[in-house]
file start.cif (mmCIF, C-alpha atoms)
data_coords
#
loop_
_atom_site.group_PDB
_atom_site.id
_atom_site.type_symbol
_atom_site.label_atom_id
_atom_site.label_comp_id
_atom_site.auth_asym_id
_atom_site.auth_seq_id
_atom_site.Cartn_x
_atom_site.Cartn_y
_atom_site.Cartn_z
ATOM 1 C CA PRO A 1 0.000 0.000 0.000
ATOM 2 C CA ALA A 2 2.778 2.469 0.785
ATOM 3 C CA TYR A 3 4.312 1.923 -2.652
ATOM 4 C CA LEU A 4 0.954 2.457 -4.351
ATOM 5 C CA ASP A 5 0.369 5.652 -2.373
ATOM 6 C CA ASP A 6 3.798 6.991 -3.373
ATOM 7 C CA LEU A 7 3.176 6.058 -7.009
ATOM 8 C CA ARG A 8 -0.198 7.797 -7.025
ATOM 9 C CA HIS A 9 1.366 10.934 -5.533
ATOM 10 C CA LEU A 10 4.248 10.864 -8.018
ATOM 11 C CA ALA A 11 1.803 10.602 -10.915
ATOM 12 C CA PHE A 12 -0.227 13.535 -9.586
ATOM 13 C CA LYS A 13 2.847 15.731 -9.155
ATOM 14 C CA ASN A 14 3.736 15.089 -12.798
ATOM 15 C CA GLY A 15 0.225 15.495 -14.205
ATOM 16 C CA VAL A 16 0.025 11.858 -15.327
ATOM 17 C CA PRO A 17 -3.349 10.065 -15.153
ATOM 18 C CA PHE A 18 -3.453 6.284 -14.933
ATOM 19 C CA SER A 19 -5.311 4.901 -17.943
ATOM 20 C CA GLY A 20 -5.800 1.722 -15.951
ATOM 21 C CA VAL A 21 -4.168 -1.237 -14.237
ATOM 22 C CA GLY A 22 -3.583 -4.761 -15.519
ATOM 23 C CA CYS A 23 -3.540 -8.173 -13.893
ATOM 24 C CA ARG A 24 -2.829 -11.574 -15.408
ATOM 25 C CA SER A 25 -5.563 -13.568 -13.707
ATOM 26 C CA SER A 26 -6.773 -16.373 -16.004
ATOM 27 C CA MET A 27 -10.465 -17.186 -15.602
ATOM 28 C CA VAL A 28 -10.592 -20.414 -17.651
ATOM 29 C CA GLN A 29 -10.064 -22.763 -14.719
ATOM 30 C CA ALA A 30 -11.711 -26.190 -14.739
ATOM 31 C CA SER A 31 -11.742 -26.355 -10.946
ATOM 32 C CA ALA A 32 -14.432 -24.404 -9.090
ATOM 33 C CA ALA A 33 -11.998 -23.905 -6.226
ATOM 34 C CA LYS A 34 -9.411 -22.486 -8.609
ATOM 35 C CA ARG A 35 -11.988 -20.164 -10.165
ATOM 36 C CA HIS A 36 -12.746 -18.874 -6.673
ATOM 37 C CA GLU A 37 -9.028 -18.200 -6.151
ATOM 38 C CA VAL A 38 -8.907 -16.273 -9.414
ATOM 39 C CA LEU A 39 -11.956 -14.226 -8.372
ATOM 40 C CA GLU A 40 -10.260 -13.305 -5.116
ATOM 41 C CA ASP A 41 -7.095 -12.349 -7.013
ATOM 42 C CA ILE A 42 -9.080 -10.073 -9.333
ATOM 43 C CA LYS A 43 -10.698 -8.455 -6.298
ATOM 44 C CA LYS A 44 -7.212 -7.780 -4.912
ATOM 45 C CA TRP A 45 -6.258 -6.040 -8.151
ATOM 46 C CA VAL A 46 -9.505 -4.055 -8.101
ATOM 47 C CA ASP A 47 -8.368 -2.766 -4.715
ATOM 48 C CA VAL A 48 -4.966 -1.889 -6.209
ATOM 49 C CA THR A 49 -6.702 -0.037 -9.054
ATOM 50 C CA ASP A 50 -8.819 1.857 -6.554
ATOM 51 C CA ARG A 51 -5.807 2.790 -4.442
ATOM 52 C CA LEU A 52 -4.036 4.220 -7.479
ATOM 53 C CA GLY A 53 -7.069 6.318 -8.364
ATOM 54 C CA ALA A 54 -7.623 4.530 -11.683
ATOM 55 C CA SER A 55 -10.991 3.396 -13.046
ATOM 56 C CA HIS A 56 -10.135 0.441 -15.282
ATOM 57 C CA LEU A 57 -8.617 -3.002 -14.707
ATOM 58 C CA ARG A 58 -7.571 -5.292 -17.541
ATOM 59 C CA VAL A 59 -8.268 -8.995 -17.004
ATOM 60 C CA PHE A 60 -7.797 -12.118 -19.120
ATOM 61 C CA GLY A 61 -10.027 -14.997 -20.074
ATOM 62 C CA GLY A 62 -6.924 -17.134 -20.436
ATOM 63 C CA THR A 63 -5.635 -20.092 -22.426
ATOM 64 C CA LEU A 64 -7.905 -23.134 -22.387
ATOM 65 C CA PRO A 65 -6.733 -26.086 -20.283
ATOM 66 C CA PRO A 66 -5.988 -29.293 -22.246
ATOM 67 C CA GLY A 67 -9.217 -30.961 -23.346
ATOM 68 C CA ALA A 68 -11.452 -27.993 -22.533
ATOM 69 C CA THR A 69 -13.821 -26.563 -25.136
ATOM 70 C CA VAL A 70 -14.405 -22.918 -26.015
ATOM 71 C CA LYS A 71 -17.924 -23.244 -24.603
ATOM 72 C CA GLN A 72 -16.580 -24.472 -21.271
ATOM 73 C CA GLY A 73 -13.986 -21.701 -21.204
ATOM 74 C CA THR A 74 -16.652 -19.119 -21.968
ATOM 75 C CA ASP A 75 -18.899 -20.468 -19.201
ATOM 76 C CA TRP A 76 -16.040 -20.372 -16.666
ATOM 77 C CA THR A 77 -15.116 -16.842 -17.687
ATOM 78 C CA VAL A 78 -18.683 -15.588 -17.334
ATOM 79 C CA GLU A 79 -19.056 -17.352 -13.978
ATOM 80 C CA THR A 80 -15.956 -15.566 -12.651
ATOM 81 C CA MET A 81 -16.403 -12.182 -14.307
ATOM 82 C CA LYS A 82 -19.969 -11.587 -13.112
ATOM 83 C CA PRO A 83 -19.148 -11.374 -9.380
ATOM 84 C CA ALA A 84 -15.842 -9.663 -10.187
ATOM 85 C CA CYS A 85 -17.759 -6.880 -11.960
ATOM 86 C CA ASP A 86 -20.166 -6.632 -9.028
ATOM 87 C CA TYR A 87 -17.213 -6.097 -6.697
ATOM 88 C CA ALA A 88 -15.483 -3.649 -9.048
ATOM 89 C CA GLY A 89 -18.703 -1.707 -9.663
ATOM 90 C CA ASN A 90 -19.020 -0.921 -5.968
ATOM 91 C CA LYS A 91 -15.765 1.036 -6.357
ATOM 92 C CA GLY A 92 -16.659 2.610 -9.706
ATOM 93 C CA ILE A 93 -14.114 0.448 -11.518
ATOM 94 C CA THR A 94 -14.669 -1.222 -14.884
ATOM 95 C CA LEU A 95 -13.185 -4.602 -15.821
ATOM 96 C CA GLY A 96 -11.977 -4.878 -19.409
ATOM 97 C CA ILE A 97 -11.372 -8.408 -20.666
ATOM 98 C CA GLU A 98 -8.656 -8.484 -23.315
ATOM 99 C CA ASP A 99 -9.007 -10.244 -26.657
ATOM 100 C CA HIS A 100 -5.808 -12.157 -26.096
ATOM 101 C CA ALA A 101 -4.432 -15.597 -26.906
ATOM 102 C CA GLY A 102 -6.877 -18.214 -25.673
ATOM 103 C CA VAL A 103 -10.628 -18.229 -25.232
ATOM 104 C CA THR A 104 -11.158 -14.546 -26.135
ATOM 105 C CA GLN A 105 -9.292 -14.512 -29.448
ATOM 106 C CA SER A 106 -12.492 -14.133 -31.455
ATOM 107 C CA ALA A 107 -14.979 -11.268 -31.377
ATOM 108 C CA ASP A 108 -17.902 -13.710 -31.103
ATOM 109 C CA VAL A 109 -16.667 -15.034 -27.758
ATOM 110 C CA CYS A 110 -15.853 -11.546 -26.443
ATOM 111 C CA LEU A 111 -19.355 -10.357 -27.330
ATOM 112 C CA GLU A 112 -21.002 -13.439 -25.814
ATOM 113 C CA ILE A 113 -19.141 -12.766 -22.563
ATOM 114 C CA MET A 114 -20.322 -9.140 -22.587
ATOM 115 C CA HIS A 115 -23.948 -10.126 -23.187
ATOM 116 C CA ARG A 116 -23.963 -12.815 -20.526
ATOM 117 C CA VAL A 117 -22.085 -10.857 -17.859
ATOM 118 C CA ASN A 118 -24.476 -7.989 -18.636
ATOM 119 C CA SER A 119 -22.873 -5.402 -16.361
ATOM 120 C CA PRO A 120 -22.207 -1.681 -16.902
ATOM 121 C CA TYR A 121 -18.826 -2.392 -15.309
ATOM 122 C CA ALA A 122 -17.813 -4.993 -17.915
ATOM 123 C CA GLY A 123 -16.040 -4.116 -21.135
ATOM 124 C CA ILE A 124 -13.414 -5.206 -23.627
ATOM 125 C CA ASN A 125 -9.776 -4.190 -23.311
ATOM 126 C CA LEU A 126 -9.515 -4.026 -27.096
ATOM 127 C CA ASP A 127 -6.137 -5.057 -28.501
ATOM 128 C CA ILE A 128 -6.494 -4.438 -32.232
ATOM 129 C CA THR A 129 -3.816 -6.993 -33.150
ATOM 130 C CA HIS A 130 -4.933 -10.296 -31.608
ATOM 131 C CA PHE A 131 -8.100 -11.477 -33.358
ATOM 132 C CA ILE A 132 -7.864 -14.674 -35.397
ATOM 133 C CA PRO A 133 -9.678 -14.243 -38.752
ATOM 134 C CA ALA A 134 -12.620 -16.636 -39.119
ATOM 135 C CA GLY A 135 -14.543 -16.993 -42.378
ATOM 136 C CA SER A 136 -15.822 -13.604 -43.486
ATOM 137 C CA GLU A 137 -14.881 -12.100 -40.150
ATOM 138 C CA ASP A 138 -11.417 -10.693 -40.784
ATOM 139 C CA SER A 139 -9.521 -8.814 -38.084
ATOM 140 C CA TYR A 140 -11.001 -5.447 -39.073
ATOM 141 C CA ALA A 141 -14.563 -6.769 -38.881
ATOM 142 C CA GLN A 142 -13.900 -8.199 -35.421
ATOM 143 C CA ILE A 143 -12.340 -4.954 -34.200
ATOM 144 C CA LYS A 144 -15.395 -3.043 -35.436
ATOM 145 C CA ALA A 145 -17.785 -5.468 -33.738
ATOM 146 C CA CYS A 146 -16.076 -4.980 -30.367
ATOM 147 C CA ILE A 147 -15.667 -1.186 -30.425
ATOM 148 C CA PRO A 148 -19.098 -0.513 -28.827
ATOM 149 C CA TYR A 149 -17.889 -2.495 -25.795
ATOM 150 C CA ALA A 150 -14.322 -1.159 -25.735
ATOM 151 C CA THR A 151 -13.335 0.379 -22.414
ATOM 152 C CA HIS A 152 -9.617 0.628 -23.163
ATOM 153 C CA THR A 153 -7.348 -0.072 -26.143
ATOM 154 C CA HIS A 154 -3.942 -1.478 -26.971
ATOM 155 C CA ILE A 155 -2.529 -0.072 -30.188
ATOM 156 C CA ARG A 156 0.225 -1.469 -32.358
ATOM 157 C CA ASP A 157 0.774 -0.921 -36.078
ATOM 158 C CA VAL A 158 1.161 -4.587 -37.108
ATOM 159 C CA PHE A 159 -1.044 -7.630 -36.563
ATOM 160 C CA ASP A 160 0.328 -10.661 -34.728
ATOM 161 C CA ASP A 161 1.307 -12.265 -38.039
ATOM 162 C CA GLY A 162 3.403 -9.224 -38.992
ATOM 163 C CA THR A 163 0.922 -7.738 -41.475
ATOM 164 C CA PRO A 164 0.857 -3.909 -41.304
ATOM 165 C CA ILE A 165 -2.355 -2.429 -39.895
ATOM 166 C CA ASP A 166 -4.283 0.226 -41.803
ATOM 167 C CA MET A 167 -4.285 2.594 -38.843
ATOM 168 C CA ASP A 168 -6.386 5.255 -40.565
ATOM 169 C CA ARG A 169 -9.084 2.672 -41.246
ATOM 170 C CA VAL A 170 -9.016 1.563 -37.600
ATOM 171 C CA TRP A 171 -9.264 5.117 -36.265
ATOM 172 C CA LYS A 172 -12.219 5.839 -38.530
ATOM 173 C CA MET A 173 -13.963 2.766 -37.079
ATOM 174 C CA PHE A 174 -13.303 3.998 -33.552
ATOM 175 C CA GLN A 175 -14.704 7.406 -34.468
ATOM 176 C CA ASP A 176 -17.803 5.891 -36.096
ATOM 177 C CA GLY A 177 -18.275 3.654 -33.056
ATOM 178 C CA GLY A 178 -18.251 6.627 -30.679
ATOM 179 C CA TYR A 179 -15.178 5.508 -28.724
ATOM 180 C CA LYS A 180 -13.911 8.163 -26.290
ATOM 181 C CA GLY A 181 -11.307 6.323 -24.238
ATOM 182 C CA PHE A 182 -7.544 5.988 -24.099
ATOM 183 C CA MET A 183 -5.535 4.913 -27.158
ATOM 184 C CA SER A 184 -2.786 3.033 -25.358
ATOM 185 C CA ILE A 185 0.470 2.204 -27.134
ATOM 186 C CA GLU A 186 1.769 -1.343 -26.706
ATOM 187 C CA TYR A 187 5.148 -1.494 -28.362
ATOM 188 C CA GLU A 188 6.522 -4.896 -29.376
ATOM 189 C CA GLY A 189 8.409 -3.875 -32.507
ATOM 190 C CA LYS A 190 11.861 -5.039 -33.542
ATOM 191 C CA GLU A 191 13.274 -1.533 -33.621
ATOM 192 C CA ASP A 192 15.024 -0.099 -30.553
ATOM 193 C CA PRO A 193 12.180 1.166 -28.328
ATOM 194 C CA MET A 194 14.029 4.454 -27.823
ATOM 195 C CA THR A 195 13.451 5.249 -31.494
ATOM 196 C CA GLY A 196 10.505 2.983 -32.339
ATOM 197 C CA ILE A 197 8.153 4.259 -29.626
ATOM 198 C CA PRO A 198 8.478 7.972 -30.534
ATOM 199 C CA LYS A 199 7.669 7.108 -34.158
ATOM 200 C CA LEU A 200 4.535 5.211 -33.109
ATOM 201 C CA ILE A 201 3.520 8.017 -30.729
ATOM 202 C CA LYS A 202 3.814 10.535 -33.564
ATOM 203 C CA LYS A 203 1.639 8.387 -35.828
ATOM 204 C CA ILE A 204 -1.004 7.855 -33.144
ATOM 205 C CA ALA A 205 -1.036 11.518 -32.090
ATOM 206 C CA ALA A 206 -1.698 12.566 -35.703
ATOM 207 C CA LEU A 207 -4.580 10.099 -35.983
ATOM 208 C CA CYS A 208 -6.082 11.236 -32.679
ATOM 209 C CA GLN A 209 -5.950 14.838 -33.865
ATOM 210 C CA LYS A 210 -7.535 13.880 -37.186
ATOM 211 C CA TYR A 211 -10.409 11.876 -35.751
ATOM 212 C CA SER A 212 -10.968 13.332 -32.263
ATOM 213 C CA SER A 213 -14.112 15.344 -31.570
ATOM 214 C CA THR A 214 -12.066 17.689 -29.355
ATOM 215 C CA SER A 215 -9.268 20.089 -30.232
ATOM 216 C CA ALA A 216 -7.021 19.022 -27.347
#
call {"tool": "encode", "arguments": {"input": "start.cif", "output": "structure tokens"}}
result
Amino acid sequence: PAYLDDLRHLAFKNGVPFSGVGCRSSMVQASAAKRHEVLEDIKKWVDVTDRLGASHLRVFGGTLPPGATVKQGTDWTVETMKPACDYAGNKGITLGIEDHAGVTQSADVCLEIMHRVNSPYAGINLDITHFIPAGSEDSYAQIKACIPYATHTHIRDVFDDGTPIDMDRVWKMFQDGGYKGFMSIEYEGKEDPMTGIPKLIKKIAALCQKYSSTSA
């Protein structure tokens, strides 16, 4: 707690808001006892988020255990996320489940989780790079489908397979979808971060200025 208090104060003194906090809790646990442990861990990180003065916590569905089906993983995730959102909502904190490797790597599953959890404190921590194309649903279509539920974003300029992302197209979708949250850079490029990150920041800043409804 003392470290978190110091970090919150340091951020305030430097005019830096926390866009959110992240934890690595995996909700696709076959054991009910293990799912309870994960729920308690998420609650702990909700408390951390609250102590920092942030309003968003990223969580994961997780990678399916051997032999488990997507339906089972979805059921386990919903079972855990519902009470987690109830707990977070009491503190004004939103849980954003990331479309990451594992059960949430398709928009269909992410949207099913949102509909079944059915909480104003549930959302999608939308990483634009992770969706696996399925049939007519390419990555862009899946991004678009999830934007109405996006509570936070992770932005890179290449998909997981190395294909460059049409960033202008993505920003237009966010604008059309009414997104008003953070556009968070997640840099995993091959270039030295000291030079690669400023280039990505410049690109993202220009897009935000082009598509934002505010002048700031």
call {"tool": "resolve_selection", "arguments": {"input": "start.cif", "expression": "the PyMOL selection byres ((chain A and resi 125) around 10)", "output": "PyMOL selection string"}}
result
chain A and resi 22+56-60+95-100+122-124+126-128+146-147+149-154
call {"tool": "atom_distance", "arguments": {"input": "start.cif", "atom1": "atom CA of A:Asp5", "atom2": "atom CA of A:Val46"}}
result
15.0 Å
call {"tool": "closest_residue", "arguments": {"input": "start.cif", "among": "A:Lys34, A:Gly178, A:Gln142, A:Asn14", "to": "A:Ser213", "atoms": "only C-alpha atoms"}}
result
A:Gly178
call {"tool": "atom_distance", "arguments": {"input": "start.cif", "atom1": "atom CA of A:Ile185", "atom2": "atom CA of A:Trp171"}}
result
13.7 Å
call {"tool": "residues_around", "arguments": {"input": "start.cif", "residues": "stretch 17-19 of chain A", "least_positions_apart": "5", "cutoff": "9 Å", "atoms": "only C-alpha atoms", "output": "PDB file with C-alpha atoms, in the coordinates of the input"}}
result
ATOM      1  CA  ARG A   8      -0.198   7.797  -7.025  1.00  0.00           C
ATOM      2  CA  ALA A  11       1.803  10.602 -10.915  1.00  0.00           C
ATOM      3  CA  PHE A  12      -0.227  13.535  -9.586  1.00  0.00           C
ATOM      4  CA  LEU A  52      -4.036   4.220  -7.479  1.00  0.00           C
ATOM      5  CA  GLY A  53      -7.069   6.318  -8.364  1.00  0.00           C
ATOM      6  CA  ALA A  54      -7.623   4.530 -11.683  1.00  0.00           C
ATOM      7  CA  SER A  55     -10.991   3.396 -13.046  1.00  0.00           C
ATOM      8  CA  HIS A  56     -10.135   0.441 -15.282  1.00  0.00           C
ATOM      9  CA  HIS A 152      -9.617   0.628 -23.163  1.00  0.00           C
ATOM     10  CA  GLY A 181     -11.307   6.323 -24.238  1.00  0.00           C
ATOM     11  CA  PHE A 182      -7.544   5.988 -24.099  1.00  0.00           C
ATOM     12  CA  SER A 184      -2.786   3.033 -25.358  1.00  0.00           C
TER      13      SER A 184
END
call {"tool": "residues_around", "arguments": {"input": "start.cif", "residues": "A:Pro164", "least_positions_apart": "5", "cutoff": "12 Å", "atoms": "all atoms listed in the file", "output": "count of residues only"}}
result
10
